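So this one's coords.cif, mmCIF, C-alpha atoms:
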data_run
loop_
_atom_site.label_atom_id
_atom_site.label_comp_id
_atom_site.auth_asym_id
_atom_site.auth_seq_id
_atom_site.Cartn_x
_atom_site.Cartn_y
_atom_site.Cartn_z
CA MET A 170 48.44 -26.28 -62.79
CA ALA A 171 48.84 -22.68 -61.68
CA ILE A 172 49.63 -21.71 -58.09
CA LEU A 173 46.34 -20.41 -56.69
CA LYS A 174 45.67 -18.13 -53.75
CA ILE A 175 43.10 -15.75 -52.39
CA GLY A 176 42.18 -12.95 -54.80
CA ASN A 177 42.69 -15.06 -57.94
CA VAL A 178 39.70 -15.29 -60.31
CA ASP A 179 39.06 -17.31 -63.42
CA ARG A 180 38.95 -15.72 -66.87
CA GLY A 181 35.81 -13.62 -67.25
CA ARG A 182 34.91 -13.68 -63.52
CA LYS A 183 36.41 -10.34 -62.51
CA ALA A 184 33.26 -8.34 -63.20
CA GLY A 185 31.26 -7.84 -60.03
CA ILE A 186 34.21 -8.32 -57.66
CA SER A 187 33.89 -4.75 -56.40
CA ASN A 188 30.27 -5.41 -55.41
CA LEU A 189 31.28 -8.64 -53.68
CA LEU A 190 34.03 -6.92 -51.72
CA GLY A 191 31.59 -4.17 -50.79
CA VAL A 192 29.42 -6.75 -49.08
CA LEU A 193 32.26 -8.73 -47.48
CA HIS A 194 34.05 -5.63 -46.22
CA LYS A 195 31.03 -3.59 -45.22
CA ALA A 196 32.47 -3.18 -41.71
CA MET A 197 35.61 -1.49 -43.09
CA PRO A 198 34.26 1.57 -44.96
CA ASN A 199 37.32 3.72 -44.22
CA PHE A 200 39.92 1.37 -45.72
CA PRO A 201 40.54 2.14 -49.42
CA GLU A 202 42.15 -1.30 -49.82
CA ALA A 203 38.91 -2.97 -48.75
CA ARG A 204 37.19 -1.80 -51.93
CA THR A 205 39.57 -3.60 -54.29
CA LYS A 206 41.47 -6.30 -52.35
CA PHE A 207 40.98 -9.36 -50.14
CA ARG A 208 42.39 -9.46 -46.61
CA GLU A 209 44.34 -12.39 -45.12
CA SER A 210 47.47 -13.11 -43.00
CA ASN A 211 48.06 -9.41 -42.29
CA GLN A 212 48.19 -8.66 -46.00
CA TRP A 213 45.92 -7.23 -48.68
CA TYR A 214 45.68 -9.38 -51.83
CA SER A 215 44.87 -7.77 -55.17
CA VAL A 216 42.34 -9.38 -57.48
CA LYS A 217 44.18 -11.19 -60.28
CA GLU A 218 42.44 -12.64 -63.31
CA LEU A 219 43.87 -15.95 -64.54
CA ALA A 220 43.95 -17.24 -68.10
CA GLY A 221 41.89 -20.38 -67.47
CA ASN A 222 39.35 -21.89 -65.10
CA GLU A 223 41.62 -23.42 -62.44
CA ILE A 224 39.66 -21.84 -59.55
CA GLU A 225 36.45 -23.52 -60.65
CA LYS A 226 38.28 -26.86 -60.93
CA LEU A 227 39.62 -26.41 -57.40
CA GLN A 228 36.20 -25.44 -56.05
CA THR A 229 34.52 -28.36 -57.78
CA PHE A 230 36.90 -30.72 -56.01
CA LEU A 231 36.49 -29.01 -52.62
CA HIS A 232 32.70 -29.10 -53.04
CA SER A 233 32.51 -32.80 -53.92
CA ALA A 234 35.05 -33.85 -51.26
CA GLY A 235 33.06 -32.11 -48.51
CA PHE A 236 35.32 -29.18 -47.69
CA MET A 237 32.94 -26.52 -49.07
CA PRO A 238 29.78 -28.58 -49.62
CA LEU A 239 27.25 -25.76 -49.33
CA ASN A 240 28.79 -23.31 -51.80
CA GLU A 241 28.70 -23.83 -55.55
CA PRO A 242 31.83 -23.10 -57.63
CA ASN A 243 31.98 -19.46 -58.77
CA GLY A 244 35.50 -19.12 -60.17
CA ILE A 245 36.53 -16.68 -57.43
CA PHE A 246 39.12 -17.62 -54.79
CA ASP A 247 37.17 -15.95 -51.99
CA TYR A 248 37.10 -16.40 -48.23
CA VAL A 249 35.04 -19.62 -48.29
CA THR A 250 37.42 -21.11 -50.87
CA LEU A 251 40.38 -20.11 -48.71
CA SER A 252 38.82 -21.79 -45.65
CA ALA A 253 37.98 -24.94 -47.62
CA THR A 254 41.51 -25.12 -49.04
CA ARG A 255 43.08 -24.82 -45.60
CA LEU A 256 40.69 -27.46 -44.25
CA PHE A 257 41.78 -29.84 -47.03
CA GLN A 258 45.44 -29.20 -46.22
CA GLU A 259 44.80 -29.71 -42.50
CA TYR A 260 42.84 -32.90 -43.22
CA ILE A 261 45.72 -34.35 -45.20
CA ARG A 262 48.19 -33.25 -42.49
CA THR A 263 46.27 -34.58 -39.49
CA ILE A 264 43.58 -37.08 -40.48
CA GLU A 265 45.40 -38.68 -43.41
CA LYS A 266 48.65 -38.41 -41.37
CA GLN A 267 50.69 -36.97 -44.25
CA PRO A 268 52.53 -33.92 -42.87
CA SER A 269 54.53 -33.60 -46.08
CA ILE A 270 51.73 -31.42 -47.46
CA GLY A 271 53.11 -28.67 -45.22
CA LYS A 272 51.32 -26.01 -43.23
CA PRO A 273 47.66 -25.20 -43.98
CA ASP A 274 48.22 -21.79 -45.61
CA GLY A 275 45.52 -21.80 -48.29
CA VAL A 276 48.01 -21.57 -51.16
CA VAL A 277 47.44 -24.25 -53.79
CA GLY A 278 50.82 -25.14 -55.25
CA PRO A 279 52.30 -28.35 -56.73
CA LYS A 280 52.27 -30.21 -53.40
CA THR A 281 48.60 -29.46 -52.65
CA TRP A 282 47.63 -30.25 -56.28
CA SER A 283 49.34 -33.62 -55.95
CA PHE A 284 47.18 -34.53 -52.94
CA ILE A 285 44.05 -33.26 -54.71
CA ASN A 286 44.83 -35.46 -57.69
CA ALA A 287 45.42 -38.45 -55.40
CA TRP A 288 42.10 -38.04 -53.55
CA PRO A 289 39.89 -41.09 -54.32
CA ALA A 290 36.87 -40.41 -56.52
CA GLY A 291 33.67 -40.16 -54.49
CA LYS A 292 35.43 -39.88 -51.13
CA VAL A 293 33.92 -37.35 -48.69
CA CYS A 294 35.89 -36.07 -45.70
CA ASP A 295 34.82 -37.07 -42.18
CA TRP A 296 33.93 -33.51 -41.26
CA TRP A 297 31.12 -33.30 -43.80
CA ALA A 298 30.16 -36.98 -43.94
CA ALA A 299 29.23 -36.68 -40.26
CA ALA A 300 26.54 -34.12 -41.12
CA ASN A 301 24.53 -36.86 -42.84
CA GLN A 302 24.96 -39.39 -40.05
CA ALA A 303 23.81 -39.64 -36.46
CA PRO A 304 25.65 -37.16 -34.20
CA SER A 305 28.61 -38.51 -32.28
CA GLN A 306 28.10 -39.62 -28.68
CA GLU A 307 30.15 -36.65 -27.50
CA HIS A 308 27.98 -34.22 -29.48
CA ARG A 309 24.79 -35.80 -28.08
CA THR A 310 26.21 -35.57 -24.56
CA TRP A 311 27.01 -31.90 -24.95
CA ILE A 312 23.58 -31.02 -26.33
CA ASN A 313 22.01 -32.98 -23.46
CA VAL A 314 24.16 -31.22 -20.86
CA LEU A 315 23.46 -27.77 -22.32
CA ASN A 316 19.72 -28.40 -22.27
CA LYS A 317 19.94 -29.62 -18.67
CA ILE A 318 21.84 -26.47 -17.70
CA LYS A 319 19.05 -24.41 -19.28
CA GLN A 320 16.39 -26.36 -17.38
CA HIS A 321 18.37 -25.96 -14.16
CA HIS A 322 18.49 -22.17 -14.57
CA LEU A 323 14.80 -22.02 -15.45
CA THR A 324 13.98 -23.48 -12.03
CA HIS A 325 16.85 -22.21 -9.83
CA THR A 326 17.64 -18.58 -9.07
CA HIS A 327 21.03 -17.38 -10.32
CA PRO A 328 22.06 -13.70 -10.01
CA VAL A 329 23.53 -13.41 -13.51
CA ILE A 330 20.68 -15.27 -15.22
CA GLU A 331 18.13 -13.16 -13.36
CA ALA A 332 19.92 -9.90 -14.19
CA VAL A 333 19.91 -10.75 -17.90
CA LYS A 334 16.29 -11.91 -17.73
CA ASN A 335 15.25 -8.54 -16.29
CA TYR A 336 17.48 -6.38 -18.51
CA PRO A 337 15.18 -3.97 -20.39
CA ILE A 338 17.27 -3.13 -23.50
CA ALA A 339 17.41 -5.36 -26.61
CA CYS A 340 20.85 -6.91 -27.09
CA ASP A 341 22.68 -10.03 -28.31
CA THR A 342 22.71 -11.70 -24.88
CA ARG A 343 19.69 -13.98 -24.76
CA LYS A 344 17.30 -14.36 -21.87
CA ILE A 345 17.18 -17.86 -20.36
CA GLN A 346 13.85 -18.78 -21.98
CA ASP A 347 15.33 -18.02 -25.41
CA TRP A 348 18.44 -20.20 -25.15
CA ASN A 349 18.51 -22.50 -28.16
CA PHE A 350 20.41 -25.80 -28.29
CA ASP A 351 19.11 -27.18 -31.56
CA PRO A 352 21.71 -29.83 -32.51
CA LYS A 353 21.54 -28.72 -36.14
CA GLU A 354 22.85 -25.26 -35.26
CA ILE A 355 26.55 -24.40 -35.00
CA HIS A 356 27.29 -23.99 -31.29
CA PHE A 357 30.42 -22.55 -29.72
CA VAL A 358 30.75 -23.12 -25.96
CA GLY A 359 33.21 -21.41 -23.62
CA ILE A 360 34.06 -22.58 -20.09
CA ARG A 361 35.42 -19.85 -17.81
CA ARG A 362 37.62 -21.36 -15.13
CA ASP A 363 38.25 -19.80 -11.71
CA GLN A 364 36.62 -16.46 -12.53
CA ASP A 365 36.71 -15.35 -8.90
CA SER A 366 40.45 -15.88 -8.48
CA SER A 367 43.00 -13.35 -9.74
CA LYS A 368 45.23 -16.07 -11.32
CA ASP A 369 48.94 -15.79 -12.07
CA GLY A 370 49.74 -14.42 -8.64
CA GLY A 371 47.46 -11.43 -9.15
CA LYS A 372 49.40 -10.22 -12.21
CA GLY A 373 46.61 -10.85 -14.68
CA ARG A 374 44.31 -13.31 -16.38
CA VAL A 375 45.90 -15.99 -18.55
CA ASN A 376 45.00 -18.50 -21.27
CA ASP A 377 43.49 -21.30 -19.19
CA ASP A 378 39.90 -21.53 -20.41
CA ILE A 379 38.51 -24.07 -22.88
CA PHE A 380 36.11 -23.92 -25.82
CA PHE A 381 34.01 -26.51 -27.65
CA LEU A 382 32.81 -26.23 -31.24
CA LEU A 383 29.74 -28.36 -31.94
CA ILE A 384 29.34 -28.65 -35.71
CA ASN A 385 28.03 -31.31 -38.11
CA GLY A 386 27.40 -33.65 -35.17
CA LEU A 387 31.07 -33.50 -34.12
CA VAL A 388 32.97 -31.79 -31.28
CA PHE A 389 36.30 -29.95 -31.56
CA LYS A 390 38.13 -28.42 -28.58
CA PHE A 391 40.25 -25.26 -28.31
CA TRP A 392 41.78 -23.19 -25.51
CA GLY A 393 42.42 -19.56 -24.69
CA SER A 394 40.68 -17.07 -22.42
CA THR A 395 37.13 -15.87 -21.80
CA ASP A 396 38.18 -12.94 -19.64
CA PRO A 397 40.46 -9.90 -19.96
CA SER A 398 44.18 -9.59 -19.51
CA THR A 399 44.84 -6.71 -17.15
CA LYS A 400 48.63 -6.78 -17.02
CA LYS A 401 49.05 -3.55 -18.96
CA THR A 402 45.72 -1.97 -18.11
CA SER A 403 45.47 -2.35 -14.35
CA SER A 404 43.71 1.00 -13.92
CA ARG A 405 40.75 -0.02 -16.09
CA ARG A 406 37.50 -1.62 -15.00
CA GLU A 407 37.76 -4.47 -17.49
CA ALA A 408 34.75 -6.17 -19.05
CA PHE A 409 33.76 -9.77 -18.30
CA LEU A 410 31.21 -11.23 -20.72
CA VAL A 411 28.23 -12.58 -18.73
CA GLU A 412 27.40 -16.25 -18.48
CA GLY A 413 24.67 -17.39 -20.84
CA GLN A 414 23.96 -17.53 -24.56
CA HIS A 415 24.86 -14.83 -27.04
CA LEU A 416 24.26 -14.27 -30.75
CA TYR A 417 27.42 -13.66 -32.80
CA ARG A 418 27.96 -13.01 -36.51
CA PHE A 419 30.78 -13.19 -39.03
CA GLY A 420 32.83 -10.01 -39.10
CA TRP A 421 36.24 -8.47 -38.55
CA HIS A 422 38.47 -7.75 -35.55
CA MET A 423 40.73 -4.67 -35.24
CA ILE A 424 38.67 -2.74 -37.79
CA SER A 425 40.35 0.47 -36.66
CA ASN A 426 43.72 -0.71 -38.01
CA LYS A 427 43.95 -1.73 -41.68
CA SER A 428 47.34 -3.39 -41.13
CA LYS A 429 46.02 -5.73 -38.41
CA THR A 430 42.34 -6.41 -39.15
CA TYR A 431 41.31 -10.03 -39.67
CA LYS A 432 38.23 -12.28 -39.73
CA ALA A 433 36.55 -12.84 -36.38
CA LEU A 434 33.12 -13.19 -34.77
CA ARG A 435 31.36 -10.09 -33.45
CA PRO A 436 28.15 -9.44 -31.50
CA ALA A 437 25.34 -9.70 -34.04
CA THR A 438 23.49 -6.39 -33.46
CA ASN A 439 23.41 -4.10 -30.42
CA GLY A 440 26.12 -5.80 -28.39
CA VAL A 441 26.46 -8.30 -25.54
CA LEU A 442 26.12 -7.75 -21.81
CA VAL A 443 29.13 -7.53 -19.52
CA TYR A 444 30.03 -6.97 -15.90
CA ARG A 445 32.89 -4.67 -14.98
CA ASP A 446 35.77 -5.42 -12.62
CA GLN A 447 34.67 -2.53 -10.45
CA ASP A 448 37.40 -2.87 -7.81
CA ARG A 449 40.15 -3.63 -10.39
CA ASP A 450 41.26 -6.80 -8.64
CA LYS A 451 41.57 -8.76 -11.94
CA LYS A 452 38.69 -11.13 -11.23
CA LEU A 453 34.91 -11.25 -11.44
CA THR A 454 33.44 -11.56 -7.97
CA ALA A 455 30.01 -11.51 -6.37
CA ALA A 456 30.67 -7.88 -5.40
CA ASP A 457 31.20 -6.93 -9.06
CA ILE A 458 28.04 -8.78 -10.08
CA ALA A 459 26.04 -7.07 -7.34
CA LYS A 460 26.86 -3.66 -8.87
CA GLY A 461 24.88 -4.54 -11.97
CA LEU A 462 25.27 -5.02 -15.71
CA ASP A 463 27.00 -2.55 -17.95
CA LYS A 464 25.36 -1.36 -21.19
CA PRO A 465 25.48 -3.65 -24.29
CA ASN A 466 29.02 -3.87 -25.63
CA GLN A 467 29.70 -4.22 -29.38
CA THR A 468 33.44 -4.85 -29.04
CA ILE A 469 33.51 -8.20 -27.19
CA ASN A 470 34.65 -10.28 -30.17
CA ILE A 471 35.80 -13.89 -30.56
CA HIS A 472 39.30 -13.73 -32.02
CA TRP A 473 42.92 -14.96 -32.11
CA SER A 474 45.30 -14.63 -29.16
CA GLY A 475 48.73 -15.63 -30.42
CA MET A 476 50.32 -18.74 -28.89
CA GLY A 477 49.29 -19.79 -25.42
CA ALA A 478 52.60 -21.10 -24.11
CA ALA A 479 54.90 -18.56 -25.75
CA ASN A 480 52.67 -15.59 -24.99
CA ARG A 481 50.66 -15.77 -21.79
CA SER A 482 48.86 -12.48 -22.45
CA THR A 483 45.29 -12.94 -23.65
CA TRP A 484 45.50 -9.91 -25.99
CA SER A 485 42.09 -8.98 -24.71
CA LEU A 486 40.11 -6.30 -22.96
CA GLY A 487 37.29 -8.79 -22.49
CA CYS A 488 37.07 -10.58 -25.83
CA GLN A 489 36.87 -14.37 -26.07
CA VAL A 490 40.27 -15.37 -27.45
CA ILE A 491 41.68 -18.55 -29.00
CA VAL A 492 45.37 -19.46 -28.98
CA GLY A 493 47.11 -21.01 -31.97
CA ASP A 494 49.22 -23.71 -30.29
CA SER A 495 46.92 -26.71 -30.54
CA TYR A 496 43.42 -28.13 -30.59
CA VAL A 497 41.65 -31.47 -30.07
CA ASN A 498 39.94 -32.89 -33.14
CA HIS A 499 36.73 -34.93 -33.48
CA ARG A 500 38.68 -38.12 -32.79
CA ASN A 501 39.93 -36.69 -29.47
CA GLU A 502 43.45 -36.46 -30.86
CA VAL A 503 45.56 -33.49 -29.77
CA VAL A 504 46.75 -31.65 -32.89
CA ASP A 505 49.98 -29.66 -32.53
CA CYS A 506 50.21 -26.43 -34.57
CA LYS A 507 53.29 -24.91 -32.95
CA ALA A 508 55.59 -25.49 -35.93
CA PHE A 509 53.71 -22.95 -38.04
CA ALA A 510 51.59 -20.92 -35.60
CA GLY A 511 52.70 -17.34 -35.05
CA SER A 512 52.83 -15.75 -31.62
CA HIS A 513 52.23 -12.16 -32.79
CA TYR A 514 51.16 -10.10 -35.81
CA GLY A 515 54.67 -9.65 -37.18
CA ALA A 516 55.16 -13.42 -37.43
CA LEU A 517 52.29 -13.63 -39.92
CA GLN A 518 54.28 -11.61 -42.42
CA LYS A 519 57.12 -14.11 -42.09
CA GLY A 520 55.06 -17.10 -43.18
CA LYS A 521 53.48 -18.10 -39.88
CA THR A 522 49.72 -18.60 -39.51
CA ARG A 523 47.14 -18.24 -36.74
CA GLY A 524 47.30 -21.99 -36.24
CA ALA A 525 44.40 -23.54 -34.34
CA TYR A 526 42.39 -20.33 -34.56
CA ASN A 527 42.41 -20.58 -38.36
CA PHE A 528 41.09 -24.13 -38.13
CA LEU A 529 38.22 -22.99 -35.90
CA ALA A 530 37.32 -20.07 -38.15
CA ASP A 531 37.61 -22.22 -41.29
CA LEU A 532 35.28 -24.91 -39.94
CA VAL A 533 32.65 -22.32 -39.12
CA LEU A 534 32.91 -20.48 -42.44
CA ALA A 535 33.07 -23.58 -44.65
CA TYR A 536 30.12 -25.34 -43.00
CA ALA A 537 27.79 -22.43 -42.30
CA PRO A 538 24.70 -22.57 -44.55
CA VAL A 539 24.84 -20.09 -47.42
CA GLY A 540 23.47 -16.77 -46.18
CA LYS A 541 23.71 -17.82 -42.51
CA GLN A 542 25.66 -15.05 -40.78
CA THR A 543 25.27 -15.98 -37.11
CA LEU A 544 26.11 -18.67 -34.59
CA LEU A 545 25.26 -19.27 -30.94
CA TYR A 546 27.96 -18.74 -28.32
CA THR A 547 27.24 -20.07 -24.84
CA LEU A 548 29.54 -19.12 -21.96
CA GLY A 549 29.45 -21.01 -18.68
CA ARG A 550 31.54 -21.40 -15.55
CA ASP A 551 33.39 -24.50 -14.47
CA ASP A 552 31.00 -24.92 -11.54
CA ALA A 553 28.17 -25.45 -14.06
CA LEU A 554 30.03 -28.54 -15.26
CA ASP A 555 30.02 -29.86 -11.73
CA LEU A 556 26.24 -30.14 -11.94
CA PHE A 557 26.78 -33.02 -14.34
CA LYS A 558 29.74 -34.95 -13.04
CA GLY A 559 27.82 -38.14 -13.66
CA GLU A 560 27.98 -37.48 -17.40
CA GLY A 561 31.72 -36.98 -17.27
CA GLN A 562 31.52 -33.20 -17.58
CA GLY A 563 32.90 -32.08 -14.21
CA ARG A 564 35.83 -29.76 -13.49
CA ALA A 565 38.27 -32.65 -13.70
CA TYR A 566 37.08 -33.16 -17.28
CA ALA A 567 37.89 -29.52 -18.12
CA ASP A 568 41.26 -29.72 -16.36
CA ALA A 569 42.25 -32.82 -18.31
CA ILE A 570 41.32 -31.31 -21.68
CA LEU A 571 43.27 -28.13 -21.02
CA LYS A 572 46.32 -30.04 -19.81
CA SER A 573 46.29 -32.21 -22.95
CA MET A 574 46.46 -29.14 -25.21
CA GLN A 575 49.04 -27.11 -23.27
#
I'd like the structure from this file rewritten - as structure tokens, please.
Amino acid sequence: MAILKIGNVDRGRKAGISNLLGVLHKAMPNFPEARTKFRESNQWYSVKELAGNEIEKLQTFLHSAGFMPLNEPNGIFDYVTLSATRLFQEYIRTIEKQPSIGKPDGVVGPKTWSFINAWPAGKVCDWWAAANQAPSQEHRTWINVLNKIKQHHLTHTHPVIEAVKNYPIACDTRKIQDWNFDPKEIHFVGIRRDQDSSKDGGKGRVNDDIFFLLINGLVFKFWGSTDPSTKKTSSRREAFLVEGQHLYRFGWHMISNKSKTYKALRPATNGVLVYRDQDRDKKLTAADIAKGLDKPNQTINIHWSGMGAANRSTWSLGCQVIVGDSYVNHRNEVVDCKAFAGSHYGALQKGKTRGAYNFLADLVLAYAPVGKQTLLYTLGRDDALDLFKGEGQGRAYADAILKSMQ
């Protein structure tokens, strides 16, 4: 079998690639490479036509095994195929406990082919099988807690919730009555910890927040930061995304730099609402909130933030950022990615990956319904968890999860 990677296409499938790239790279109109190449791992990959139909064979396997169940084989090694391939490699590495497959890089060589060929006929991976079963207890608990938080805010005054409720301009931050916690939707939940303390001795915000991905009835956990790093930008009034629910879509981060741009989640339309650190004290306080909401912001993305332990900077001016070190899977096992996760852009060109962030992005892309371009991101504070200590969701719960991943 040939070595396959992004940009490869089966014989006769090259026609129409330019139109496909035009849709996928619509947000990058000024990059000439975007019209003819795919983008991944800080590189542009040319389209290469193969002699046979190996891509379709790969996709047929990934489809039947539950790694790209919603997309039919098309003979093009595109972004969904890349995500599904990396998910398969990560599944073998972590769930099947066979690290010999190597890092999940999305390149299908002899080693990956050997595991594909050894996969039992008719077997479907846990991550997709769960979609056709009852949601896990943890998933049900989270949906229950999120709905209770909504009901609490519908009946109790909260300055942020009220400010959003009364905001007159259409944006991607939803008013409380429009929060949606349908368990069939893909939900991403961020917990901002200690927002009113300056952290790190007043030097800046750090990666100490946690995130939950609710997908296919399962829960996965990540860590990073929901607020800005101000170490190098202390003179700026940095943006803090407001608590509540926001609509995000698939897109690209760093679209001003063709050598650094990569897949990320962006506000779906007009932007999300933020507060500004008006007094530049590196924290969001009641005084900042009292000065009112800023205009909708289209640049508060959800993206990668290097490695949490090796690089304490959040790489953020207010974006929601995910570190590559580790994550917690649906079995509540801590998964270590440090051996292959890069801490900066340059490391990606030396064979490193974005680690846990890739896994998050791949889950979302591989399991999003065809044509579905958005997901729901809900940001809350750690004190909201304290409302539901009886369900095991208090601050101690958040502290323990973060500690397990660090």
Specify as a VMD selection string each residue included when the PyMOL selection byres ((chain A and resi 486-489) around 8) is applied to this file. chain A and resid 393 to 399 407 to 410 468 to 472 484 to 485 490 to 491
Got a sec to resolve the PyMOL selection byres ((chain A and resi 349) around 10) on this structure and send the residues as a short mmCIF file (atom, residue, chain, number, x, y, z; two decimals) with C-alpha atoms, in the coordinates of the input?
data_model
loop_
_atom_site.label_atom_id
_atom_site.label_comp_id
_atom_site.auth_asym_id
_atom_site.auth_seq_id
_atom_site.Cartn_x
_atom_site.Cartn_y
_atom_site.Cartn_z
CA LEU A 315 23.46 -27.77 -22.32
CA ASN A 316 19.72 -28.40 -22.27
CA LYS A 319 19.05 -24.41 -19.28
CA ARG A 343 19.69 -13.98 -24.76
CA ILE A 345 17.18 -17.86 -20.36
CA GLN A 346 13.85 -18.78 -21.98
CA ASP A 347 15.33 -18.02 -25.41
CA TRP A 348 18.44 -20.20 -25.15
CA PHE A 350 20.41 -25.80 -28.29
CA ASP A 351 19.11 -27.18 -31.56
CA PRO A 352 21.71 -29.83 -32.51
CA GLU A 354 22.85 -25.26 -35.26
CA HIS A 356 27.29 -23.99 -31.29
CA GLN A 414 23.96 -17.53 -24.56
CA LEU A 545 25.26 -19.27 -30.94
CA THR A 547 27.24 -20.07 -24.84
#
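Residues in contact range of His194 in chain A, defined as at most 9 Å between all atoms listed in the file, with sequence neighbours fewer than 3 positions away removed, read A:Leu189, A:Leu190, A:Gly191, A:Met197, A:Pro198, A:Ala203, A:Arg204, A:Phe207, A:Gly420, A:Trp421.
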Nearest-residue call for Ile224 in chain A, choices A:Gly176, A:Pro238, A:Gly511, A:Gly440, using all atoms listed in the file: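 Answer, going by the shortest atom-to-atom distance: A:Gly176.
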Determine the residue membership of the PyMOL selection byres ((chain A and resi 428) around 8) for the file above and supply it as a PDB file with C-alpha atoms, in the frame of the given file.
ATOM      1  CA  ASN A 211      48.060  -9.410 -42.290  1.00  0.00           C
ATOM      2  CA  GLN A 212      48.190  -8.660 -46.000  1.00  0.00           C
ATOM      3  CA  ASN A 426      43.720  -0.710 -38.010  1.00  0.00           C
ATOM      4  CA  LYS A 427      43.950  -1.730 -41.680  1.00  0.00           C
ATOM      5  CA  LYS A 429      46.020  -5.730 -38.410  1.00  0.00           C
ATOM      6  CA  THR A 430      42.340  -6.410 -39.150  1.00  0.00           C
TER       7      THR A 430
END
Range 452-570 of chain A near range 336-340 of chain A within 12 Å: what's each residue's closest atom pair and its distance in Å to one decimal, counting only C-alpha atoms, ordered by chain then ascending residue number, as a tab-separated table?
residue	atom	partner	partner_atom	distance
A:Gly461	CA	A:Tyr336	CA	10.0
A:Leu462	CA	A:Tyr336	CA	8.4
A:Asp463	CA	A:Tyr336	CA	10.3
A:Lys464	CA	A:Ile338	CA	8.6
A:Pro465	CA	A:Cys340	CA	6.3
A:Asn466	CA	A:Cys340	CA	8.8
A:Gln467	CA	A:Cys340	CA	9.5
Write a file of the just-selected residues containing C-alpha atoms, as a PDB file, keeping the file's coordinate frame.
ATOM      1  CA  GLY A 461      24.880  -4.540 -11.970  1.00  0.00           C
ATOM      2  CA  LEU A 462      25.270  -5.020 -15.710  1.00  0.00           C
ATOM      3  CA  ASP A 463      27.000  -2.550 -17.950  1.00  0.00           C
ATOM      4  CA  LYS A 464      25.360  -1.360 -21.190  1.00  0.00           C
ATOM      5  CA  PRO A 465      25.480  -3.650 -24.290  1.00  0.00           C
ATOM      6  CA  ASN A 466      29.020  -3.870 -25.630  1.00  0.00           C
ATOM      7  CA  GLN A 467      29.700  -4.220 -29.380  1.00  0.00           C
TER       8      GLN A 467
END
